[in-house]
Amino acid sequence: MHKLLFERIAKAKESDLILDVWQHGETYELPAGIVAKFENIVFCKRSKKKFILTKHTDFKQINEMSRKLGLINDDIFKRVERIREKRNAVHLQGLSSGQQNWNVRTLNNVLSMFGILSDKVNK
């Protein structure tokens with residue numbers, strides 16, 4: 001699933017890959033004497049952070065950007081997030097018996113979600 005989303009994000013325009021996170025750049029301090037001696041005025045340049053897609057981008061970021069780009073809606077986002085969380089649990093070594101909850105129903109849900117996602121992304 002994430003490979004499908006990864007490929008679609010890779011085709012997105014750079015201007016669409018802007019996160020809602022500000023990053024601060026250089027700061028500037030105005031000359032002394034403008035305000036009281038124990039105060040100063042400082043300003044900085046800030047810009048919205050760009051999303052960088054690499055082979056190391058984690059699935060959570062891929063899911064979030066896919067939702068932002070409209071590749072998936074909120075309902076599908078919640079479903080792929082649940083799958084991601086289940087996947088993460090599988091990667092943890094030594095799962096307790098309570099965490100070993102992959103069963104036929106879970107696998108069928110994952111496969112069903114893959115079909116839904118594949119149809120949506122390949123439109």
# chains A, B, ... in the order shown; residues from 1 in each chain; ligands from 1
>>> select_by_dssp(residues="segment 5-101 of chain A", states="alpha helix (DSSP H)", output="ChimeraX atom specification")
/A:5-10,59-68,74-91
>>> write_last_selection(atoms="N, CA and C atoms", output="short mmCIF file (atom, residue, chain, number, x, y, z; two decimals), in the first residue's frame")
data_model
loop_
_atom_site.label_atom_id
_atom_site.label_comp_id
_atom_site.auth_asym_id
_atom_site.auth_seq_id
_atom_site.Cartn_x
_atom_site.Cartn_y
_atom_site.Cartn_z
N LEU A 5 1.26 4.74 -2.53
CA LEU A 5 1.21 6.13 -2.08
C LEU A 5 2.53 6.83 -2.32
N PHE A 6 3.63 6.14 -2.07
CA PHE A 6 4.97 6.69 -2.29
C PHE A 6 5.10 7.15 -3.75
N GLU A 7 4.69 6.27 -4.67
CA GLU A 7 4.81 6.59 -6.10
C GLU A 7 3.96 7.80 -6.49
N ARG A 8 2.77 7.91 -5.92
CA ARG A 8 1.91 9.06 -6.24
C ARG A 8 2.47 10.35 -5.65
N ILE A 9 3.01 10.28 -4.43
CA ILE A 9 3.61 11.47 -3.83
C ILE A 9 4.81 11.92 -4.65
N ALA A 10 5.58 10.95 -5.12
CA ALA A 10 6.77 11.27 -5.92
C ALA A 10 6.41 12.04 -7.19
N PHE A 59 6.26 5.52 7.17
CA PHE A 59 4.90 5.33 6.67
C PHE A 59 3.92 6.36 7.22
N LYS A 60 4.12 6.79 8.45
CA LYS A 60 3.22 7.80 9.02
C LYS A 60 3.28 9.08 8.20
N GLN A 61 4.48 9.50 7.83
CA GLN A 61 4.63 10.71 7.01
C GLN A 61 4.01 10.51 5.63
N ILE A 62 4.18 9.33 5.06
CA ILE A 62 3.58 9.03 3.76
C ILE A 62 2.05 9.09 3.86
N ASN A 63 1.49 8.52 4.91
CA ASN A 63 0.04 8.56 5.10
C ASN A 63 -0.45 10.00 5.25
N GLU A 64 0.24 10.79 6.06
CA GLU A 64 -0.18 12.17 6.30
C GLU A 64 -0.10 13.01 5.02
N MET A 65 0.97 12.86 4.25
CA MET A 65 1.10 13.62 3.01
C MET A 65 0.07 13.15 2.00
N SER A 66 -0.23 11.86 1.97
CA SER A 66 -1.24 11.34 1.05
C SER A 66 -2.60 11.96 1.35
N ARG A 67 -2.91 12.12 2.62
CA ARG A 67 -4.17 12.76 2.99
C ARG A 67 -4.16 14.22 2.59
N LYS A 68 -3.05 14.92 2.85
CA LYS A 68 -2.93 16.34 2.51
C LYS A 68 -3.10 16.56 1.01
N ASP A 74 -10.16 11.04 4.84
CA ASP A 74 -9.96 10.81 6.29
C ASP A 74 -10.28 9.37 6.70
N ASP A 75 -11.32 8.79 6.12
CA ASP A 75 -11.68 7.42 6.46
C ASP A 75 -10.57 6.45 6.07
N ILE A 76 -10.07 6.57 4.85
CA ILE A 76 -9.00 5.68 4.40
C ILE A 76 -7.73 5.95 5.20
N PHE A 77 -7.48 7.22 5.53
CA PHE A 77 -6.31 7.56 6.35
C PHE A 77 -6.36 6.80 7.68
N LYS A 78 -7.51 6.82 8.35
CA LYS A 78 -7.63 6.11 9.63
C LYS A 78 -7.38 4.62 9.46
N ARG A 79 -7.87 4.07 8.36
CA ARG A 79 -7.70 2.63 8.12
C ARG A 79 -6.24 2.27 7.83
N VAL A 80 -5.56 3.08 7.00
CA VAL A 80 -4.17 2.76 6.72
C VAL A 80 -3.29 3.02 7.95
N GLU A 81 -3.69 3.95 8.79
CA GLU A 81 -2.96 4.17 10.04
C GLU A 81 -3.08 2.96 10.96
N ARG A 82 -4.27 2.37 11.02
CA ARG A 82 -4.44 1.15 11.83
C ARG A 82 -3.57 0.03 11.29
N ILE A 83 -3.52 -0.09 9.97
CA ILE A 83 -2.66 -1.12 9.36
C ILE A 83 -1.20 -0.84 9.68
N ARG A 84 -0.80 0.43 9.60
CA ARG A 84 0.59 0.80 9.90
C ARG A 84 0.92 0.43 11.35
N GLU A 85 0.01 0.71 12.27
CA GLU A 85 0.24 0.38 13.67
C GLU A 85 0.37 -1.13 13.87
N LYS A 86 -0.48 -1.89 13.19
CA LYS A 86 -0.38 -3.35 13.27
C LYS A 86 0.95 -3.82 12.71
N ARG A 87 1.35 -3.23 11.58
CA ARG A 87 2.62 -3.59 10.95
C ARG A 87 3.78 -3.30 11.89
N ASN A 88 3.73 -2.16 12.55
CA ASN A 88 4.80 -1.81 13.49
C ASN A 88 4.89 -2.82 14.62
N ALA A 89 3.75 -3.31 15.08
CA ALA A 89 3.76 -4.30 16.16
C ALA A 89 4.42 -5.60 15.70
N VAL A 90 4.22 -5.97 14.45
CA VAL A 90 4.82 -7.19 13.93
C VAL A 90 6.34 -7.07 13.89
N HIS A 91 6.84 -5.86 13.65
CA HIS A 91 8.29 -5.66 13.55
C HIS A 91 9.00 -5.65 14.90
#
>>> closest_residue(among="A:Thr27, A:Glu14, A:Phe38, A:Asn73", to="Lys50 of chain A", atoms="only C-alpha atoms")
A:Glu14
